[in-house]
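What follows is the content of entry.cif, which has mmCIF, C-alpha atoms:
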```
data_protein
#
loop_
_atom_site.label_atom_id
_atom_site.label_comp_id
_atom_site.auth_asym_id
_atom_site.auth_seq_id
_atom_site.Cartn_x
_atom_site.Cartn_y
_atom_site.Cartn_z
CA MET A 1 15.43 69.98 -70.26
CA LEU A 2 12.66 71.31 -72.50
CA ALA A 3 14.94 72.63 -75.20
CA ARG A 4 16.73 69.37 -76.07
CA PRO A 5 16.63 68.63 -79.78
CA GLY A 6 13.81 66.41 -80.97
CA GLY A 7 10.67 65.96 -78.98
CA LEU A 8 7.22 67.10 -80.07
CA THR A 9 5.74 70.29 -81.34
CA VAL A 10 3.66 72.03 -78.69
CA GLU A 11 0.54 71.25 -80.73
CA GLN A 12 1.40 67.54 -80.93
CA ALA A 13 2.18 67.38 -77.21
CA LEU A 14 -1.10 69.05 -76.33
CA ALA A 15 -3.12 66.80 -78.62
CA ASN A 16 -1.43 63.67 -77.19
CA ALA A 17 -2.06 64.81 -73.63
CA GLN A 18 -5.70 65.62 -74.35
CA ARG A 19 -6.19 62.24 -76.02
CA GLY A 20 -4.66 60.51 -73.02
CA VAL A 21 -6.80 62.37 -70.50
CA GLU A 22 -9.90 61.73 -72.61
CA THR A 23 -9.43 57.97 -72.18
CA LEU A 24 -10.23 58.50 -68.49
CA ARG A 25 -13.55 60.29 -69.06
CA ALA A 26 -15.86 57.32 -68.36
CA GLN A 27 -13.96 56.17 -65.29
CA CYS A 28 -13.75 59.69 -63.86
CA THR A 29 -17.42 60.42 -64.55
CA ASP A 30 -18.30 57.29 -62.58
CA ALA A 31 -15.91 58.43 -59.87
CA VAL A 32 -17.69 61.79 -59.64
CA ASP A 33 -21.03 60.02 -59.08
CA GLU A 34 -19.54 57.59 -56.58
CA THR A 35 -17.86 60.42 -54.66
CA ILE A 36 -21.08 62.44 -54.53
CA ALA A 37 -22.82 59.32 -53.18
CA LYS A 38 -20.11 59.00 -50.48
CA ILE A 39 -20.54 62.67 -49.53
CA CYS A 40 -24.29 62.12 -49.33
CA ALA A 41 -23.86 59.12 -47.01
CA LEU A 42 -21.39 60.96 -44.77
CA THR A 43 -23.68 63.98 -44.57
CA SER A 44 -26.55 61.73 -43.47
CA GLN A 45 -24.35 60.24 -40.75
CA GLY A 46 -23.45 63.70 -39.48
CA ALA A 47 -21.90 66.52 -41.46
CA GLU A 48 -20.02 68.07 -38.58
CA GLN A 49 -18.09 65.02 -37.43
CA ASN A 50 -17.34 64.04 -41.04
CA ALA A 51 -16.52 67.56 -42.22
CA LYS A 52 -12.86 66.89 -43.05
CA THR A 53 -13.67 63.85 -45.16
CA ILE A 54 -16.57 65.63 -46.86
CA TYR A 55 -14.24 68.52 -47.67
CA ALA A 56 -11.61 66.19 -49.17
CA LEU A 57 -14.22 64.34 -51.23
CA SER A 58 -15.82 67.57 -52.38
CA ASP A 59 -12.39 68.85 -53.42
CA GLU A 60 -11.98 65.71 -55.52
CA VAL A 61 -15.39 66.19 -57.17
CA PHE A 62 -14.41 69.79 -57.92
CA ALA A 63 -11.20 68.73 -59.64
CA LEU A 64 -12.53 65.72 -61.56
CA ALA A 65 -15.76 67.36 -62.70
CA GLY A 66 -13.85 70.44 -63.81
CA THR A 67 -11.36 68.44 -65.87
CA PHE A 68 -14.13 66.65 -67.76
CA GLY A 69 -16.34 69.63 -68.54
CA MET A 70 -18.95 69.22 -65.77
CA ALA A 71 -18.56 72.87 -64.91
CA ASP A 72 -21.75 73.23 -62.87
CA VAL A 73 -21.02 70.19 -60.70
CA SER A 74 -17.51 71.52 -60.23
CA LYS A 75 -18.86 74.91 -59.15
CA ALA A 76 -21.25 73.29 -56.67
CA ALA A 77 -18.40 71.23 -55.19
CA TYR A 78 -16.22 74.33 -54.99
CA SER A 79 -19.01 76.13 -53.17
CA LEU A 80 -19.25 73.25 -50.67
CA CYS A 81 -15.48 73.43 -50.08
CA ALA A 82 -15.77 77.18 -49.48
CA LEU A 83 -18.61 76.62 -47.04
CA LEU A 84 -16.70 73.96 -45.12
CA ALA A 85 -13.57 76.13 -45.05
CA SER A 86 -15.48 79.10 -43.64
CA ASP A 87 -15.82 79.88 -39.96
CA GLU A 88 -18.05 77.25 -38.36
CA GLY A 89 -19.00 76.04 -41.84
CA ALA A 90 -18.92 72.43 -40.69
CA LYS A 91 -21.73 73.17 -38.24
CA LYS A 92 -24.06 74.36 -40.96
CA GLY A 93 -25.62 70.99 -41.69
CA ALA A 94 -28.60 72.38 -43.61
CA ALA A 95 -26.39 74.35 -45.98
CA ILE A 96 -24.15 71.33 -46.52
CA ARG A 97 -27.16 69.15 -47.33
CA VAL A 98 -28.38 71.75 -49.85
CA HIS A 99 -25.00 71.55 -51.60
CA VAL A 100 -25.07 67.77 -51.68
CA GLU A 101 -28.58 67.75 -53.12
CA ALA A 102 -27.51 70.34 -55.68
CA MET A 103 -24.60 68.18 -56.84
CA LYS A 104 -26.91 65.18 -57.14
CA ALA A 105 -29.46 67.24 -59.07
CA LEU A 106 -26.83 68.59 -61.45
CA ARG A 107 -25.82 65.01 -62.28
CA ASN A 108 -29.43 64.13 -63.08
CA PRO A 109 -29.68 63.85 -66.90
CA VAL A 110 -32.90 65.90 -67.02
CA VAL A 111 -31.38 68.80 -65.07
CA ALA A 112 -28.04 68.43 -66.85
CA ALA A 113 -29.80 68.97 -70.17
CA ASP A 114 -31.71 72.05 -68.98
CA ALA A 115 -29.53 75.18 -68.80
CA VAL A 116 -32.23 77.18 -66.98
CA ALA A 117 -32.64 74.51 -64.30
CA ARG A 118 -28.86 74.29 -63.83
CA ALA A 119 -28.60 78.04 -63.47
CA LYS A 120 -31.37 78.00 -60.85
CA VAL A 121 -29.61 75.30 -58.86
CA LEU A 122 -26.38 77.28 -58.85
CA GLU A 123 -28.20 80.51 -58.00
CA GLY A 124 -29.73 78.71 -55.01
CA LEU A 125 -26.26 77.70 -53.86
CA VAL A 126 -25.00 81.26 -54.13
CA ASN A 127 -27.88 82.38 -51.89
CA VAL A 128 -27.20 79.62 -49.39
CA SER A 129 -23.50 80.47 -49.31
CA LYS A 130 -24.23 84.16 -48.82
CA ARG A 131 -26.47 83.32 -45.91
CA PHE A 132 -24.31 80.70 -44.21
CA GLY A 133 -20.81 80.68 -45.52
CA LYS A 134 -18.98 83.84 -44.66
CA VAL A 135 -15.41 83.58 -45.81
CA GLU A 136 -13.97 86.70 -44.27
CA ASN A 137 -10.32 86.27 -43.59
CA ASP A 138 -9.39 83.85 -46.27
CA LYS A 139 -10.93 85.04 -49.46
CA PRO A 140 -11.15 82.31 -52.11
CA LEU A 141 -9.35 82.99 -55.34
CA ALA A 142 -11.50 84.33 -58.13
CA ARG A 143 -12.27 81.59 -60.63
CA MET B 1 7.32 75.82 -84.71
CA LYS B 2 7.92 75.60 -80.96
CA ARG B 3 8.97 72.18 -79.68
CA ILE B 4 9.05 70.55 -76.28
CA ASN B 5 11.22 67.59 -75.36
CA LEU B 6 10.43 65.78 -72.12
CA SER B 7 11.45 62.36 -73.44
CA LEU B 8 14.43 62.08 -71.08
CA ALA B 9 12.75 63.82 -68.15
CA SER B 10 11.75 62.05 -64.97
CA VAL B 11 8.57 63.39 -63.44
CA LEU B 12 7.33 62.78 -59.91
CA LEU B 13 3.59 63.05 -59.22
CA LEU B 14 2.35 63.28 -55.63
CA ASP B 15 -1.42 63.28 -55.13
CA ALA B 16 -3.64 61.39 -52.70
CA SER B 17 -6.32 60.75 -55.32
CA ASP B 18 -5.82 57.84 -57.71
CA HIS B 19 -8.04 59.52 -60.28
CA ASN B 20 -6.04 62.74 -60.16
CA LEU B 21 -2.85 60.69 -60.48
CA ASP B 22 -4.34 58.99 -63.54
CA ILE B 23 -5.16 62.37 -65.11
CA LEU B 24 -1.72 63.78 -64.37
CA THR B 25 -0.01 60.63 -65.67
CA GLN B 26 -1.89 60.76 -68.96
CA ALA B 27 -1.25 64.48 -69.33
CA VAL B 28 2.47 64.28 -68.54
CA LYS B 29 3.02 61.22 -70.74
CA GLY B 30 1.12 62.93 -73.53
CA LEU B 31 3.50 65.85 -73.26
CA GLY B 32 6.32 63.39 -73.92
CA ALA B 33 7.63 62.27 -70.51
CA GLN B 34 8.38 58.55 -70.39
CA ASP B 35 9.60 58.18 -66.82
CA VAL B 36 6.70 59.04 -64.53
CA HIS B 37 6.67 58.16 -60.83
CA ARG B 38 3.28 58.12 -59.09
CA CYS B 39 3.14 58.55 -55.33
CA SER B 40 0.17 58.97 -53.03
CA ASN B 41 2.09 59.77 -49.85
CA ILE B 42 5.19 61.64 -48.78
CA ALA B 43 7.18 58.57 -47.71
CA ASP B 44 6.90 57.05 -51.20
CA ALA B 45 7.82 60.38 -52.82
CA GLU B 46 10.89 60.73 -50.60
CA ARG B 47 11.98 57.20 -51.53
CA VAL B 48 11.79 58.14 -55.22
CA ILE B 49 13.76 61.34 -54.68
CA ASN B 50 16.44 59.48 -52.72
CA ARG B 51 16.77 56.93 -55.53
CA ILE B 52 16.68 58.99 -58.74
CA ALA B 53 17.15 62.56 -59.89
CA VAL B 54 13.77 63.83 -61.04
CA ASP B 55 13.42 66.82 -63.36
CA LEU B 56 9.93 68.00 -62.44
CA ILE B 57 7.66 67.52 -59.43
CA LEU B 58 3.88 68.00 -59.41
CA VAL B 59 2.41 67.92 -55.92
CA ASP B 60 -1.02 68.42 -54.37
CA PRO B 61 -0.56 69.83 -50.86
CA ASN B 62 -3.77 68.20 -49.60
CA LEU B 63 -2.61 64.66 -48.98
CA LYS B 64 -4.54 62.29 -46.74
CA GLY B 65 -3.40 63.21 -43.24
CA GLU B 66 -0.19 64.75 -44.59
CA ASP B 67 0.87 68.19 -45.73
CA GLY B 68 2.39 68.43 -49.19
CA HIS B 69 4.06 71.72 -48.24
CA LYS B 70 6.30 69.76 -45.87
CA PHE B 71 7.45 67.62 -48.77
CA VAL B 72 8.31 70.72 -50.83
CA GLU B 73 10.24 72.18 -47.88
CA TRP B 74 12.09 68.88 -47.48
CA VAL B 75 13.11 68.87 -51.15
CA ARG B 76 14.32 72.46 -50.91
CA ARG B 77 16.17 72.22 -47.61
CA SER B 78 17.23 68.62 -47.12
CA THR B 79 18.19 67.26 -50.50
CA PRO B 80 21.56 67.88 -52.18
CA ASP B 81 22.18 70.03 -55.25
CA PRO B 82 20.89 69.95 -57.92
CA MET B 83 17.89 68.01 -56.60
CA ARG B 84 16.78 70.76 -54.28
CA ALA B 85 16.43 73.19 -57.17
CA THR B 86 14.10 70.86 -59.12
CA PRO B 87 11.10 72.73 -60.52
CA ILE B 88 8.02 72.09 -58.39
CA ILE B 89 4.47 72.89 -59.45
CA MET B 90 1.90 72.79 -56.70
CA LEU B 91 -1.59 71.76 -57.79
CA SER B 92 -4.47 72.38 -55.45
CA GLY B 93 -8.24 72.09 -55.57
CA TYR B 94 -10.06 74.60 -53.42
CA SER B 95 -7.56 77.46 -53.35
CA THR B 96 -7.40 80.58 -51.24
CA ILE B 97 -4.84 83.34 -51.01
CA THR B 98 -3.45 81.58 -47.94
CA THR B 99 -3.01 78.37 -49.93
CA VAL B 100 -1.06 80.20 -52.62
CA ASN B 101 1.11 82.03 -50.10
CA ARG B 102 1.90 78.75 -48.33
CA ALA B 103 2.92 77.14 -51.60
CA ARG B 104 5.16 80.09 -52.45
CA ASP B 105 6.74 80.13 -49.00
CA ALA B 106 7.35 76.39 -49.06
CA GLY B 107 9.44 76.91 -52.20
CA ALA B 108 7.16 75.89 -55.07
CA ASN B 109 7.98 77.45 -58.43
CA PHE B 110 4.37 77.82 -59.41
CA PHE B 111 0.90 77.25 -58.04
CA VAL B 112 -1.86 75.92 -60.26
CA ALA B 113 -5.48 75.78 -59.15
CA LYS B 114 -7.29 72.63 -60.25
CA PRO B 115 -9.11 71.50 -62.34
CA ILE B 116 -6.11 70.46 -64.36
CA THR B 117 -6.29 70.31 -68.11
CA PRO B 118 -3.41 69.41 -70.45
CA LYS B 119 -3.39 72.99 -71.73
CA VAL B 120 -2.97 74.44 -68.24
CA LEU B 121 -0.23 71.96 -67.42
CA LEU B 122 1.64 72.59 -70.67
CA ASP B 123 1.43 76.36 -70.16
CA ARG B 124 2.96 76.04 -66.70
CA VAL B 125 5.69 73.64 -67.78
CA LEU B 126 6.67 76.03 -70.57
CA TRP B 127 6.52 78.92 -68.15
CA ILE B 128 8.90 77.14 -65.77
CA GLY B 129 11.23 76.53 -68.70
CA ARG B 130 11.43 80.29 -69.21
CA ASP B 131 11.57 81.17 -65.50
CA ALA B 132 14.83 83.00 -64.89
CA ARG B 133 14.42 83.63 -61.16
CA ASN B 134 17.43 82.95 -58.95
CA PHE B 135 17.47 80.13 -56.42
CA ILE B 136 17.55 81.70 -52.96
CA GLU B 137 18.66 80.34 -49.62
CA VAL B 138 18.01 82.59 -46.66
CA SER B 139 19.60 81.74 -43.33
CA SER B 140 16.30 82.47 -41.56
CA GLY B 141 14.63 79.61 -43.38
CA TYR B 142 13.34 80.18 -46.90
CA CYS B 143 14.90 78.10 -49.61
CA GLY B 144 13.59 78.04 -53.17
CA PRO B 145 13.07 80.19 -56.22
CA GLU B 146 13.07 83.89 -55.57
CA ARG B 147 9.58 84.78 -54.43
CA ARG B 148 9.52 88.15 -56.20
CA PHE B 149 8.65 88.02 -59.85
CA LYS B 150 9.66 91.63 -60.43
CA PHE B 151 12.65 93.36 -58.90
CA GLU B 152 12.25 97.03 -58.19
CA GLY B 153 15.01 97.35 -55.64
CA PRO B 154 14.85 96.83 -51.89
CA PRO B 155 12.04 98.66 -50.06
CA PRO B 156 12.88 102.26 -49.08
CA GLY B 157 14.91 102.41 -45.91
CA CYS B 158 15.84 98.71 -46.03
CA GLU B 159 19.14 97.18 -46.89
CA GLY B 160 18.61 94.63 -49.63
CA ARG B 161 19.34 90.96 -48.93
CA ARG B 162 20.75 90.21 -52.36
CA ALA B 163 24.47 90.03 -52.89
CA ASP B 164 24.19 92.54 -55.72
CA ASP B 165 21.99 95.03 -53.82
CA LEU B 166 23.74 98.33 -53.24
CA LYS B 167 24.67 98.35 -49.57
CA ALA B 168 25.18 102.10 -49.18
CA PRO B 169 23.25 105.11 -50.44
CA LEU B 170 24.66 106.76 -53.53
CA GLY B 171 26.83 109.78 -52.70
CA ASP B 172 26.76 113.19 -54.31
CA SER B 173 28.30 113.42 -57.73
CA SER B 174 31.98 114.32 -57.73
CA ALA B 175 31.86 116.21 -61.05
CA PRO B 176 29.36 118.54 -62.72
CA ASN B 177 26.60 116.99 -64.83
CA MET B 178 27.47 116.44 -68.46
CA SER B 179 25.77 118.62 -71.04
CA GLN B 180 23.52 117.00 -73.63
CA ASP B 181 26.11 117.77 -76.32
CA GLU B 182 28.75 115.90 -74.37
CA VAL B 183 26.41 112.94 -73.92
CA ASN B 184 25.55 112.99 -77.65
CA PHE B 185 29.20 113.05 -78.52
CA MET B 186 29.83 109.94 -76.43
CA ILE B 187 27.02 107.79 -77.75
CA LYS B 188 26.53 108.98 -81.32
CA PRO B 189 29.08 107.75 -83.85
CA GLN B 190 30.10 110.73 -85.98
CA ARG B 191 31.91 110.86 -89.27
CA VAL B 192 35.32 112.46 -89.02
CA GLN B 193 35.67 115.49 -91.28
CA LEU B 194 39.13 116.27 -92.49
#
```
As structure tokens:
Amino acid sequence: MLARPGGLTVEQALANAQRGVETLRAQCTDAVDETIAKICALTSQGAEQNAKTIYALSDEVFALAGTFGMADVSKAAYSLCALLASDEGAKKGAAIRVHVEAMKALRNPVVAADAVARAKVLEGLVNVSKRFGKVENDKPLAR
Amino acid sequence: MKRINLSLASVLLLDASDHNLDILTQAVKGLGAQDVHRCSNIADAERVINRIAVDLILVDPNLKGEDGHKFVEWVRRSTPDPMRATPIIMLSGYSTITTVNRARDAGANFFVAKPITPKVLLDRVLWIGRDARNFIEVSSGYCGPERRFKFEGPPPGCEGRRADDLKAPLGDSSAPNMSQDEVNFMIKPQRVQL
């Protein structure tokens, strides 16, 4: 299939694909903010009963933010997924709220422009996850 | 210069998120595919498979209320040749070792952890193009590309399951070992001296 004559050079194909994905940046950035807002609302209503939905939304934030270079937001969302996937993670409402606030903070333009502040937010999440989110039997893949 | 031609390829995308489908569509079309089928649930994906022969499937196992692994298993076990051997890349967000093992055991050719970028996707598509693993069907259930990437023989004490595995231990040699001179004589071309 790939080796048929014609087609594109690998460099052309990659450039075309990157250009195409780039056209979605604005819409996906908005989607990240909207999804974080949904997670925030669901967490306020009750993190435990909405855990599955929060997990799915957080997974989406992780993927979208990562594709468009919002690495810190993506890491925070990944950390929330790990927390929710851990034993009894859904019951740890305080830790979930910390993650949601962290994602909101990382989308704040002031924090987003300050590398030290971003690092502190992520460091806080690592500490929260160490305290609450033990992932013993199902180790996440190294990223 | 290396080239890639997906212009005649049909690609099926299965992901519950519209935004992820948009990203995958742009990436796959950018790589040259013209015929892209977007599905957000298994029923739609099955309808596409039953209608046309697709050349590549990209699937996120975390569908809303559905399990994408089941779809992969269905393709591998319940569709006719050559459809069931279609390359499948599984794309997942939060990924654990269990997630990867499930993808492998369902019959996916490759597992890619999101976030997806065109570069990652292209690398994996090219990798699948070079993948020379056999397609395996085991009566106990597994159907898909061989799960081992390296073959170092069956485990000690086990009879291999491959048709070309040696079924009996090697016996003792029936003749004395050859000397190095004899070996050299066999493999080294030598000028005849008259």
Neighbour list for Ser74 (chain A) as a PyMOL selection string, cut-off 9 Å, only C-alpha atoms, skip fewer than 2 positions in-chain: (chain A and resi 58-59+61-67+69-72+76-79+103) or (chain B and resi 115)
query: Written as a ChimeraX atom specification, which residues does the PyMOL selection byres ((chain B) within 6 of (chain A)) give for the file shown?
result: /B:2-6,23,26-27,30-31,93,96,114-118
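The interatomic distance for the pair CA of Ala43 (chain B) and CA of Leu58 (chain B) works out to 15.4 Å.
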message: Show me, as a list in words, the residues that have an atom within 10 Å of Val125 (chain B) when counting all atoms listed in the file, minus same-chain residues fewer than 6 positions from it.
response: Leu2 of chain A; Ile4, Val28, Leu31, Leu56, Pro87, Ile88, Ile89, Phe110, Lys119 and Asp131 of chain B
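The space between CA of Asn62 (chain B) and CA of Val126 (chain A) spans 25.3 Å.
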query: For the atom pair CA of Val59 (chain B) and CA of Ile36 (chain A), what is the interatomic distance in Å to one decimal place?
result: 24.2 Å
Set the distance at 10 Å and use only C-alpha atoms: which residues neighbour Gly65 (chain B) once local chain neighbours fewer than 2 positions away are removed? I'd like the list as a PDB file with C-alpha atoms, in the frame of the given file.
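What landed in selection.pdb:
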```
ATOM      1  CA  ALA B  16      -3.640  61.390 -52.700  1.00  0.00           C
ATOM      2  CA  ASN B  41       2.090  59.770 -49.850  1.00  0.00           C
ATOM      3  CA  ASN B  62      -3.770  68.200 -49.600  1.00  0.00           C
ATOM      4  CA  LEU B  63      -2.610  64.660 -48.980  1.00  0.00           C
ATOM      5  CA  ASP B  67       0.870  68.190 -45.730  1.00  0.00           C
ATOM      6  CA  GLY B  68       2.390  68.430 -49.190  1.00  0.00           C
TER       7      GLY B  68
END
```
field: Selection result for the PyMOL selection byres ((chain B and resi 138) around 12) on this file, as a PyMOL selection string
entry: chain B and resi 76-77+105+107+135-137+139-147+161-163
Resolved residues for the PyMOL selection byres ((chain B and resi 75) around 9) as a count of residues only: 17
